[in-house]
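Note sheet for the following structure.
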Number of protein chains: 2
Amino acid sequence: MHFTELINAIKERRNALQVTQETLAELSGVGLRTLKQFESGKGNPTLKTLQKIADVLGMEVNLKLKTVTRNK
Amino acid sequence: MHFTELINAIKERRNALQVTQETLAELSGVGLRTLKQFESGKGNPTLKTLQKIADVLGMEVNLKLKTVTRNK
DNA sequence: CTGTAAAGTGCATTGTATAGCTCTTTTCTG
DNA sequence: CAGAAAAGAGCTATACAATGCACTTTACAG
C-alpha cells in the first residue's frame, strides 16, 4: 500500500465508523493536529502514531511480501 | 502486527535474502544507524523509513481490519 | 442564506527520528 | 582459540514529527 492508500484506508474507516478527527484523536491519544496533518496528506507519521490510530479504528499495520511479480 | 512482530518480519526477511544491514541500508537509502536501531528494537521509524526498507525487501506495509474482535 | 460542526492551515515549541563516526559486542568460520 | 564480519551502542548535529492554539475553509442542516 502506498502512502495515499494508507491515508485513504484510515479516512474511509473513520467515516464508516462515523467518528470525527477530534474524537479519533482523543481516543487514540494522538494529537488532533497530528491526525489532521496525516489525513490531509501532509505528514510522515511514526510507526507508533500510525498504530495508535489504526488500533482505535480496529485496524492493524501489517508487513507482508508483495504479491509475487513473477507473472503479474 | 505488533511492533516486535514487524521488526521480526523485517529481520527474517533480510536473513532469508542473505542481506546484511549494511547492504540493506545502502539499497534502501536509509541510514545504517537508523536501520540498526530499528532492528534492535530501539526505534520508532517514520512510515516513509519503514516503507523504504520494506520495499527493498520485496515487502509492503498494509493496513487492514483486525480479525473481528466482537466476541473476544 | 445562516449557523454550526468538521476539516484544514499557519506559527511556534519541544521532543525525537535520522544519520555519520567510532567503538564494543556478538557470531561465525577455519 | 584467532580473526573477520556483522550487529549493537555512545556521542553529536540536524531535520522534522508531534503538539497546542488560533484562524480559515468546507460541508451541511434548517
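For the C-alpha cells, the naming scheme is as follows: chains receive sequential letters (A, B, ...) according to their order of presentation, residues are indexed from 1 within each chain, and ligands are indexed from 1 in presentation order.
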
Chain B least-squares fitted onto chain A over all paired C-alpha atoms, as a PDB file with C-alpha atoms, in the first residue's frame:
```pdb
ATOM      1  CA  MET B   1      -0.578  -0.375   0.047  1.00  0.00           C
ATOM      2  CA  HIS B   2       0.748   2.921  -1.064  1.00  0.00           C
ATOM      3  CA  PHE B   3       0.778   5.962   1.135  1.00  0.00           C
ATOM      4  CA  THR B   4      -2.415   7.371  -0.269  1.00  0.00           C
ATOM      5  CA  GLU B   5      -4.204   4.098   0.109  1.00  0.00           C
ATOM      6  CA  LEU B   6      -3.254   3.883   3.747  1.00  0.00           C
ATOM      7  CA  ILE B   7      -4.622   7.347   4.304  1.00  0.00           C
ATOM      8  CA  ASN B   8      -7.834   6.491   2.558  1.00  0.00           C
ATOM      9  CA  ALA B   9      -8.219   3.304   4.502  1.00  0.00           C
ATOM     10  CA  ILE B  10      -8.027   5.343   7.687  1.00  0.00           C
ATOM     11  CA  LYS B  11     -10.357   8.053   6.481  1.00  0.00           C
ATOM     12  CA  GLU B  12     -12.927   5.646   5.199  1.00  0.00           C
ATOM     13  CA  ARG B  13     -12.864   3.625   8.340  1.00  0.00           C
ATOM     14  CA  ARG B  14     -13.209   6.750  10.437  1.00  0.00           C
ATOM     15  CA  ASN B  15     -16.155   7.870   8.380  1.00  0.00           C
ATOM     16  CA  ALA B  16     -17.741   4.465   8.561  1.00  0.00           C
ATOM     17  CA  LEU B  17     -17.541   4.682  12.319  1.00  0.00           C
ATOM     18  CA  GLN B  18     -18.895   8.226  12.264  1.00  0.00           C
ATOM     19  CA  VAL B  19     -16.012   9.527  14.293  1.00  0.00           C
ATOM     20  CA  THR B  20     -14.561  13.000  13.928  1.00  0.00           C
ATOM     21  CA  GLN B  21     -10.844  13.701  13.713  1.00  0.00           C
ATOM     22  CA  GLU B  22     -11.124  15.349  17.069  1.00  0.00           C
ATOM     23  CA  THR B  23     -12.623  12.312  18.734  1.00  0.00           C
ATOM     24  CA  LEU B  24     -10.201   9.957  17.071  1.00  0.00           C
ATOM     25  CA  ALA B  25      -7.335  12.119  18.205  1.00  0.00           C
ATOM     26  CA  GLU B  26      -8.526  11.999  21.761  1.00  0.00           C
ATOM     27  CA  LEU B  27      -9.215   8.297  21.763  1.00  0.00           C
ATOM     28  CA  SER B  28      -5.913   7.385  20.196  1.00  0.00           C
ATOM     29  CA  GLY B  29      -3.778   9.769  22.159  1.00  0.00           C
ATOM     30  CA  VAL B  30      -2.446  11.286  18.978  1.00  0.00           C
ATOM     31  CA  GLY B  31      -2.442  15.035  18.639  1.00  0.00           C
ATOM     32  CA  LEU B  32      -5.251  16.508  16.593  1.00  0.00           C
ATOM     33  CA  ARG B  33      -2.753  18.454  14.546  1.00  0.00           C
ATOM     34  CA  THR B  34      -0.863  15.284  13.751  1.00  0.00           C
ATOM     35  CA  LEU B  35      -3.968  13.448  12.699  1.00  0.00           C
ATOM     36  CA  LYS B  36      -5.112  16.301  10.508  1.00  0.00           C
ATOM     37  CA  GLN B  37      -1.769  16.452   8.788  1.00  0.00           C
ATOM     38  CA  PHE B  38      -1.769  12.760   8.201  1.00  0.00           C
ATOM     39  CA  GLU B  39      -5.271  12.605   6.787  1.00  0.00           C
ATOM     40  CA  SER B  40      -4.657  15.534   4.524  1.00  0.00           C
ATOM     41  CA  GLY B  41      -1.662  13.764   3.079  1.00  0.00           C
ATOM     42  CA  LYS B  42       0.938  16.089   4.502  1.00  0.00           C
ATOM     43  CA  GLY B  43       2.463  13.750   6.966  1.00  0.00           C
ATOM     44  CA  ASN B  44       4.875  10.933   7.392  1.00  0.00           C
ATOM     45  CA  PRO B  45       3.783   9.437  10.671  1.00  0.00           C
ATOM     46  CA  THR B  46       5.935   7.207  12.758  1.00  0.00           C
ATOM     47  CA  LEU B  47       4.936   3.615  13.035  1.00  0.00           C
ATOM     48  CA  LYS B  48       3.767   4.124  16.585  1.00  0.00           C
ATOM     49  CA  THR B  49       1.515   6.990  15.621  1.00  0.00           C
ATOM     50  CA  LEU B  50       0.006   4.974  12.824  1.00  0.00           C
ATOM     51  CA  GLN B  51      -0.565   2.045  15.124  1.00  0.00           C
ATOM     52  CA  LYS B  52      -2.260   4.165  17.744  1.00  0.00           C
ATOM     53  CA  ILE B  53      -4.690   5.463  15.171  1.00  0.00           C
ATOM     54  CA  ALA B  54      -5.298   2.123  13.533  1.00  0.00           C
ATOM     55  CA  ASP B  55      -5.831   0.491  16.866  1.00  0.00           C
ATOM     56  CA  VAL B  56      -8.688   2.747  17.881  1.00  0.00           C
ATOM     57  CA  LEU B  57     -10.307   2.135  14.525  1.00  0.00           C
ATOM     58  CA  GLY B  58     -10.142  -1.583  15.029  1.00  0.00           C
ATOM     59  CA  MET B  59      -7.484  -1.928  12.383  1.00  0.00           C
ATOM     60  CA  GLU B  60      -3.938  -3.094  12.400  1.00  0.00           C
ATOM     61  CA  VAL B  61      -0.728  -2.571  10.505  1.00  0.00           C
ATOM     62  CA  ASN B  62       0.516  -5.571   8.597  1.00  0.00           C
ATOM     63  CA  LEU B  63       3.593  -6.452   6.627  1.00  0.00           C
ATOM     64  CA  LYS B  64       3.165  -9.102   4.008  1.00  0.00           C
ATOM     65  CA  LEU B  65       4.761 -10.369   0.899  1.00  0.00           C
ATOM     66  CA  LYS B  66       3.597  -8.599  -2.180  1.00  0.00           C
ATOM     67  CA  THR B  67       1.674 -10.616  -4.650  1.00  0.00           C
ATOM     68  CA  VAL B  68       4.504 -12.160  -6.502  1.00  0.00           C
ATOM     69  CA  THR B  69       6.039  -9.851  -9.027  1.00  0.00           C
ATOM     70  CA  ARG B  70       8.094 -12.433 -10.791  1.00  0.00           C
ATOM     71  CA  ASN B  71       6.467 -11.859 -14.150  1.00  0.00           C
ATOM     72  CA  LYS B  72       4.927  -8.482 -13.900  1.00  0.00           C
TER      73      LYS B  72
END
```

Proximal residues of chain D relative to chain B (only C-alpha atoms (C1' of nucleotides); 8 Å) as an MDAnalysis selection string: chainID D and resid 6:8

Please, could you write that set of residues out with C-alpha atoms (C1' of nucleotides) as a short mmCIF file (atom, residue, chain, number, x, y, z; two decimals), in the first residue's frame?
```cif
data_model
loop_
_atom_site.label_atom_id
_atom_site.label_comp_id
_atom_site.auth_asym_id
_atom_site.auth_seq_id
_atom_site.Cartn_x
_atom_site.Cartn_y
_atom_site.Cartn_z
"C1'" DA D 6 28.02 -8.42 11.15
"C1'" DA D 7 25.30 -6.40 14.67
"C1'" DG D 8 24.72 -3.21 18.52
#
```

Could the residues of chain C within 7 Å of chain B, counting only C-alpha atoms (C1' of nucleotides), be given as a ChimeraX atom specification, please? /C:17-19

Would you export the selected residues with C-alpha atoms (C1' of nucleotides) as a short mmCIF file (atom, residue, chain, number, x, y, z; two decimals), in the first residue's frame, please?
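Resulting contents of selection_17.cif:
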```cif
data_model
loop_
_atom_site.label_atom_id
_atom_site.label_comp_id
_atom_site.auth_asym_id
_atom_site.auth_seq_id
_atom_site.Cartn_x
_atom_site.Cartn_y
_atom_site.Cartn_z
"C1'" DA C 17 13.97 10.18 14.34
"C1'" DT C 18 17.72 10.33 11.08
"C1'" DA C 19 22.37 9.92 10.26
#
```

Go through chain A and collect every residue that DSSP, computed from the backbone, puts in alpha helix (DSSP H); the answer should be as a ChimeraX atom specification. /A:3-16,21-28,32-39,47-56

Atoms kept (C-alpha atoms) for selection, written as a PDB file, in the first residue's frame:
```pdb
ATOM      1  CA  PHE A   3       1.178   6.330   1.270  1.00  0.00           C
ATOM      2  CA  THR A   4      -2.000   7.712  -0.188  1.00  0.00           C
ATOM      3  CA  GLU A   5      -3.721   4.395   0.065  1.00  0.00           C
ATOM      4  CA  LEU A   6      -2.886   4.121   3.719  1.00  0.00           C
ATOM      5  CA  ILE A   7      -4.337   7.541   4.310  1.00  0.00           C
ATOM      6  CA  ASN A   8      -7.485   6.667   2.450  1.00  0.00           C
ATOM      7  CA  ALA A   9      -7.857   3.432   4.318  1.00  0.00           C
ATOM      8  CA  ILE A  10      -7.810   5.405   7.543  1.00  0.00           C
ATOM      9  CA  LYS A  11     -10.157   8.094   6.330  1.00  0.00           C
ATOM     10  CA  GLU A  12     -12.654   5.667   4.930  1.00  0.00           C
ATOM     11  CA  ARG A  13     -12.631   3.577   8.022  1.00  0.00           C
ATOM     12  CA  ARG A  14     -13.112   6.646  10.180  1.00  0.00           C
ATOM     13  CA  ASN A  15     -16.040   7.753   8.066  1.00  0.00           C
ATOM     14  CA  ALA A  16     -17.532   4.310   8.122  1.00  0.00           C
ATOM     15  CA  GLN A  21     -10.995  13.578  13.684  1.00  0.00           C
ATOM     16  CA  GLU A  22     -11.393  15.141  17.077  1.00  0.00           C
ATOM     17  CA  THR A  23     -12.872  12.037  18.626  1.00  0.00           C
ATOM     18  CA  LEU A  24     -10.367   9.785  16.983  1.00  0.00           C
ATOM     19  CA  ALA A  25      -7.572  11.980  18.236  1.00  0.00           C
ATOM     20  CA  GLU A  26      -8.871  11.742  21.765  1.00  0.00           C
ATOM     21  CA  LEU A  27      -9.468   8.033  21.654  1.00  0.00           C
ATOM     22  CA  SER A  28      -6.117   7.237  20.149  1.00  0.00           C
ATOM     23  CA  LEU A  32      -5.518  16.432  16.793  1.00  0.00           C
ATOM     24  CA  ARG A  33      -3.040  18.468  14.810  1.00  0.00           C
ATOM     25  CA  THR A  34      -1.051  15.368  14.045  1.00  0.00           C
ATOM     26  CA  LEU A  35      -4.075  13.481  12.873  1.00  0.00           C
ATOM     27  CA  LYS A  36      -5.214  16.358  10.707  1.00  0.00           C
ATOM     28  CA  GLN A  37      -1.836  16.602   9.075  1.00  0.00           C
ATOM     29  CA  PHE A  38      -1.734  12.931   8.417  1.00  0.00           C
ATOM     30  CA  GLU A  39      -5.201  12.747   6.902  1.00  0.00           C
ATOM     31  CA  LEU A  47       5.015   3.842  13.243  1.00  0.00           C
ATOM     32  CA  LYS A  48       3.733   4.263  16.770  1.00  0.00           C
ATOM     33  CA  THR A  49       1.460   7.100  15.791  1.00  0.00           C
ATOM     34  CA  LEU A  50       0.069   5.107  12.931  1.00  0.00           C
ATOM     35  CA  GLN A  51      -0.510   2.128  15.144  1.00  0.00           C
ATOM     36  CA  LYS A  52      -2.330   4.156  17.751  1.00  0.00           C
ATOM     37  CA  ILE A  53      -4.702   5.466  15.134  1.00  0.00           C
ATOM     38  CA  ALA A  54      -5.195   2.141  13.417  1.00  0.00           C
ATOM     39  CA  ASP A  55      -5.799   0.431  16.707  1.00  0.00           C
ATOM     40  CA  VAL A  56      -8.723   2.599  17.673  1.00  0.00           C
TER      41      VAL A  56
END
```

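Within range 3-70 of chain B, the backbone-based DSSP assignment of strand (DSSP E or B) covers Thr46, Met59, Glu60, Val61, Asn62, Leu63, Lys64 and Leu65 of chain B.
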
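Taking C1' of DT12 in chain D and C1' of DC11 in chain C as the two end points, the separation is 28.3 Å.
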
Record the distance separating C1' of DA17 in chain D and C1' of DT13 in chain C, expressed in Å with one decimal.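 Interatomic distance here is 12.4 Å.
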
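In this structure, C1' of DT24 in chain C sits 26.0 Å away from C1' of DT14 in chain D.
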